[in-house]
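To start, the structure itself, in structure tokens.
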Amino acid sequence: MEENNLKVHTETYHPSEEHQIRVKKVDEMRALGIEPWPQSKEIENNTEQILKEYIDSLEGKEYIIAGRMMSIRWHGKTAFANIQDEFGKIQVYFKQDILGDQKFEFLKKFIDIGDILWIKGTVFKTKAGEVTLKVESFELLSKCLHPLADKFHGLEDVEVRYRQRYLDLIVNEQSREKFKNRSKIISSIRSYLENQGFIEVETPMLQPIPGGAAARPFITHHNALDSDFYLRIAPELYLKRLVAGGFEKVFEINRNFRNEGISTRHNPEFTMLEFYMAYKDYNFAMDFVEQMLKKTINETCNNLKLKFGTNTIDFEKSFERISIKNSVLKYASLAEDDIAEKNIDKTLKKLNVKFDKKNASIAEKIYSLFEHFVESKLINPTFVTDFPIEISPLAKRDPQNPNIAARFELYIGGIEISNGFNELNDPFDQAERFRAQAEAKESGDVEAHFYDADYVLALEYALPPTAGVGIGIDRLVMLLTDTTSIKDVILFPTLKKK
């Protein structure tokens with residue numbers, strides 16, 4: 001039995017000497033009739049509760065907890081250890097006179113750092129003033145076969161943190177808190193939308209025609225139907241079908257998939273919030289997003305001024321609103337004449353901005369300057385408006401200027417966080433734009449939209465005037481937790497195979 005265990009673990013994990021020692025302990029325990037991974041035992045308390053409840057008058061109160069042993073310090077016939085559960089850590093005190101010789105010997109011989117223990121004990125405070133649980137009895141609930149990362153190099157190894165997130169969560173309190181905060185942020189947003197009368201829905205992940213964004217999709221094949229399907233790049237077209245069906249306020253928080261590169265701000269699988277409101281426009285949507293974010297930040301961060309990298313972001317003030325053109329004039333140190341139609345090509349060349357699209361509009365050319373020189377400078381929350389209609393195939397035209405879209409993007413910390421616009425509900429205009437996208441796709445643009453005939457049909461049944469918004473949840477969590485890499489806010493980010 002010992003040889004078989006060692007063989008399996010050696011082939012799978014390339015174990016350390018410590019691992020082999022622990023596997024031998026497992027065999028010894030089983031030879032004694034002790035199960036290293038027994039059935040669970042009931043617990044009644046947690047570390048946070050004990051620490052909060054402790055007062056001198058409660059000294060001696062009995063508690064039953066379970067948790068992972070993170071450290072142990074031996075002092076002859078006694079030992080102090082730290083036990084960690086989901087809520088925090090607490091010191092526990094083992095004493096041979098209390099446990100008995102046999103149980104204390106079992107502790108010394110078979111229990112290692114990383115093991116999960118069931119503990120019953122009474123609370124007291126040490127001379128050093130630390131609230132401690134005096135152990136009356138304990139049981140091994142789950143044997144850990146590997147030394148924890150802080151004993152070796154894993155904790156500081158970014159690759160290990162991402163590939164073995166469970167190990168990162170065991171030893172890294174900051175990482176645990178970050179993901180708890182992520183959950184709170186999503187919960188706060190969901191609560192806000194529900195309180196505003198929105199209903200949460202689910203739309204297909206597998207789609208026969210991908211749409212809702214300019215992106216390259218992942219393709220898969222359904223064997224029973226003998227058909228190709230696409231992992232969705234956005235839920236937009238399905239959510240708007242629901243608005244056409246009479247659900248006037250809908251939202252979805254779920255995964256999107258885009259077959260693109262990986263960076264500190266991009267992961268091929270990511271979480272988006274999208275919501276749609278009938279009979280509202282994008283100006284209302286900007287107000288709505290600002291109010292929702294302020295409430296969420298206040299609830300989850302308890303502060304409207306947050307550190308992000310080397311900057312402090314001020315969410316207290318009203319979010320700035322600026323057109324793409326004015327942002328270029330403000331942040332790229334250019335004059336009106338520099339971006340006039342007669343001079344724009346000369347300006348692009350002078351600034352080494354590559355722009356190869358033929359027959360591009362002046363709005364598209366100014367947008368290329370925005371991408372190169374402005375985005376990274378938008379630190380405090382800023383709504384940017386007046387996007388070229390050519391890059392907004394699902395948005396209505398601005399009623400004052402048909403060459404631009406009734407659309408905004410929200411930038412915070414130099415990162416695009418949100419996109420919203422008046423939804424195009426003219427089926428003839430939508431069909432024409434789909435045709436233009438289809439032609440672009442045939443010409444080699446892998447991110448262009450497909451022609452979605454059923455969506456055009458849905459518009460022919462009348463989609464009411466509607467405003468829609470998308471918010472990147474992962475990027476928002478990055479901002480609110482002062483995190484510079486998206487991989488640190490996704491529990492299991494996409495990684496290259498070893």
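To be explicit about the labels: the chains of the structure tokens are called A, B, and onward in the order shown, and within each one the residues are counted from 1, while ligands get numbers from 1 in the order they are shown.
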| request: Determine which residues of segment 411-472 of chain A receive a DSSP assignment of strand (DSSP E), computed from the backbone, and state them as a PyMOL selection string. | output: chain A and resi 411-412+415-422+466-472
Which residues of segment 353-445 of chain A sit at most 12 Å from segment 221-240 of chain A, using only C-alpha atoms? Give each one's shortest atom pair and distance in Å (one decimal place), in chain and ascending residue order, as a Markdown table.
| residue | atom | partner | partner_atom | distance |
| --- | --- | --- | --- | --- |
| A:Leu394 | CA | A:Leu237 | CA | 9.2 |
| A:Ala395 | CA | A:Glu236 | CA | 11.6 |
| A:Asn419 | CA | A:Glu236 | CA | 11.9 |
| A:Gly420 | CA | A:Glu236 | CA | 11.2 |
| A:Phe421 | CA | A:Glu236 | CA | 11.8 |
| A:Asn422 | CA | A:Lys240 | CA | 11.7 |
| A:Glu423 | CA | A:Lys240 | CA | 8.6 |
| A:Leu424 | CA | A:Lys240 | CA | 10.1 |
| A:Asn425 | CA | A:Lys240 | CA | 9.5 |
| A:Gln430 | CA | A:Leu237 | CA | 11.9 |
| request: Can you work out which one of A:Arg176, A:Arg255, A:Lys125, A:His266 has the shortest atom-to-atom distance to Pro204 of chain A, counting only C-alpha atoms? | output: A:Arg255
| said: Which residues are close to Gly246 of chain A, i.e. within 10 Å by only C-alpha atoms, leaving aside same-chain residues fewer than 6 positions away? Reply as a list in words. | reply: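 Once the adjacent positions are removed, what remains is Lys240, Ala278, Leu463 and Pro464 of chain A.
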Go ahead and write the residues just picked, C-alpha atoms, as a PDB file, in the first residue's frame.
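What follows is the written file part_32.pdb:
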ATOM      1  CA  LYS A 240     -32.913  43.308 -26.308  1.00  0.00           C
ATOM      2  CA  ALA A 278     -37.069  50.834 -22.037  1.00  0.00           C
ATOM      3  CA  LEU A 463     -38.340  47.418 -29.779  1.00  0.00           C
ATOM      4  CA  PRO A 464     -39.284  50.455 -27.652  1.00  0.00           C
TER       5      PRO A 464
END
| said: With distances taken over only C-alpha atoms, which residue among A:Glu432, A:Glu48, A:Glu35, A:Glu371 lies nearest Tyr331 of chain A? | reply: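 So, comparing all the options, the nearest one is A:Glu371.
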| request: Find the residues near segment 303-310 of chain A: any atom within 10 Å, counting only C-alpha atoms, skip ones fewer than 4 places away on the same chain, and give them as a list in words. | output: Leu293, Lys294, Lys295, Thr296, Ile297, Asn298, Glu299, Asp314, Phe315, Glu316, Lys317, Ile379, Ile412, Gly413, Met478, Leu479, Leu480, Thr481, Asp482, Thr483 and Thr484 of chain A
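Between atom CA of Lys61 of chain A and atom CA of Thr122 of chain A the separation is 5.2 Å.
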| field | Exercise: segment 441-445 of chain A partners within 12 Å, only C-alpha atoms, chain neighbours under 4 positions left out, as a PyMOL selection string | value | chain A and resi 214-216+357+434-437+449-451
| said: Please list as number ranges by chain every residue within 10 Å of Thr264 of chain A, counting only C-alpha atoms and excluding residues in the same chain fewer than 4 positions away. | reply: A: 475, 483-488
Could those selected residues go to a file with C-alpha atoms, as a PDB file, in the first residue's frame?
ATOM      1  CA  ARG A 475     -12.147  45.694 -14.260  1.00  0.00           C
ATOM      2  CA  THR A 483      -5.367  45.673  -8.273  1.00  0.00           C
ATOM      3  CA  THR A 484      -3.365  46.227 -11.451  1.00  0.00           C
ATOM      4  CA  SER A 485      -3.782  42.783 -13.079  1.00  0.00           C
ATOM      5  CA  ILE A 486      -7.092  41.230 -14.045  1.00  0.00           C
ATOM      6  CA  LYS A 487      -5.697  37.786 -13.169  1.00  0.00           C
ATOM      7  CA  ASP A 488      -5.671  38.797  -9.508  1.00  0.00           C
TER       8      ASP A 488
END
| task | Would you mind listing what lies within 9 Å of Glu136 of chain A as number ranges by chain, with only C-alpha atoms counted and same-chain residues fewer than 2 positions away left out? | result | A: 94-95, 98-99, 119-122, 134, 138
Output C-alpha atoms for every residue in the selection just made, as an mmCIF file, in the first residue's frame.
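Final output, again_10.cif:
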data_model
loop_
_atom_site.group_PDB
_atom_site.id
_atom_site.type_symbol
_atom_site.label_atom_id
_atom_site.label_comp_id
_atom_site.auth_asym_id
_atom_site.auth_seq_id
_atom_site.Cartn_x
_atom_site.Cartn_y
_atom_site.Cartn_z
ATOM 1 C CA PHE A 94 -2.648 22.063 23.422
ATOM 2 C CA LYS A 95 -1.645 20.625 26.797
ATOM 3 C CA ILE A 98 -5.653 17.952 29.348
ATOM 4 C CA LEU A 99 -5.540 15.801 26.209
ATOM 5 C CA ILE A 119 -11.438 21.332 17.931
ATOM 6 C CA LYS A 120 -13.479 21.660 21.110
ATOM 7 C CA GLY A 121 -12.109 23.958 23.764
ATOM 8 C CA THR A 122 -12.631 26.764 26.259
ATOM 9 C CA LYS A 134 -7.668 25.780 25.318
ATOM 10 C CA PHE A 138 -9.518 17.452 18.721
#
| Rounded to one decimal in Å, what is the spacing between atom CA of Phe284 of chain A and atom CA of Asp426 of chain A? | 20.7 Å
| Residue nearest Lys280 of chain A among A:Ile199, A:Val469, A:Ile64, A:Leu193 (counting only C-alpha atoms) |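 Closest to Lys280 of chain A of all the choices is A:Val469.
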| request: From segment 157-393 of chain A, collect each residue whose DSSP state is alpha helix (DSSP H) and return the set as a PyMOL selection string. | output: chain A and resi 158-163+165-171+173-195+236-244+282-301+324-331+344-350+362-373
| task | For atom CA of Gln96 of chain A and atom CA of Lys109 of chain A, determine how far apart the two atoms are, in Å to one decimal place. | result | 13.5 Å
| said: When you count only C-alpha atoms, which of these residues is closest to Val243 of chain A: A:Lys346, A:Tyr276, A:Lys180, A:Thr47? | reply: A:Tyr276
| field | Among listed residues A:Lys342, A:Lys377, A:Arg397, A:Lys354, nearest Ser327 of chain A (using only C-alpha atoms) | value |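 The answer is A:Lys377, which sits nearest to Ser327 of chain A.
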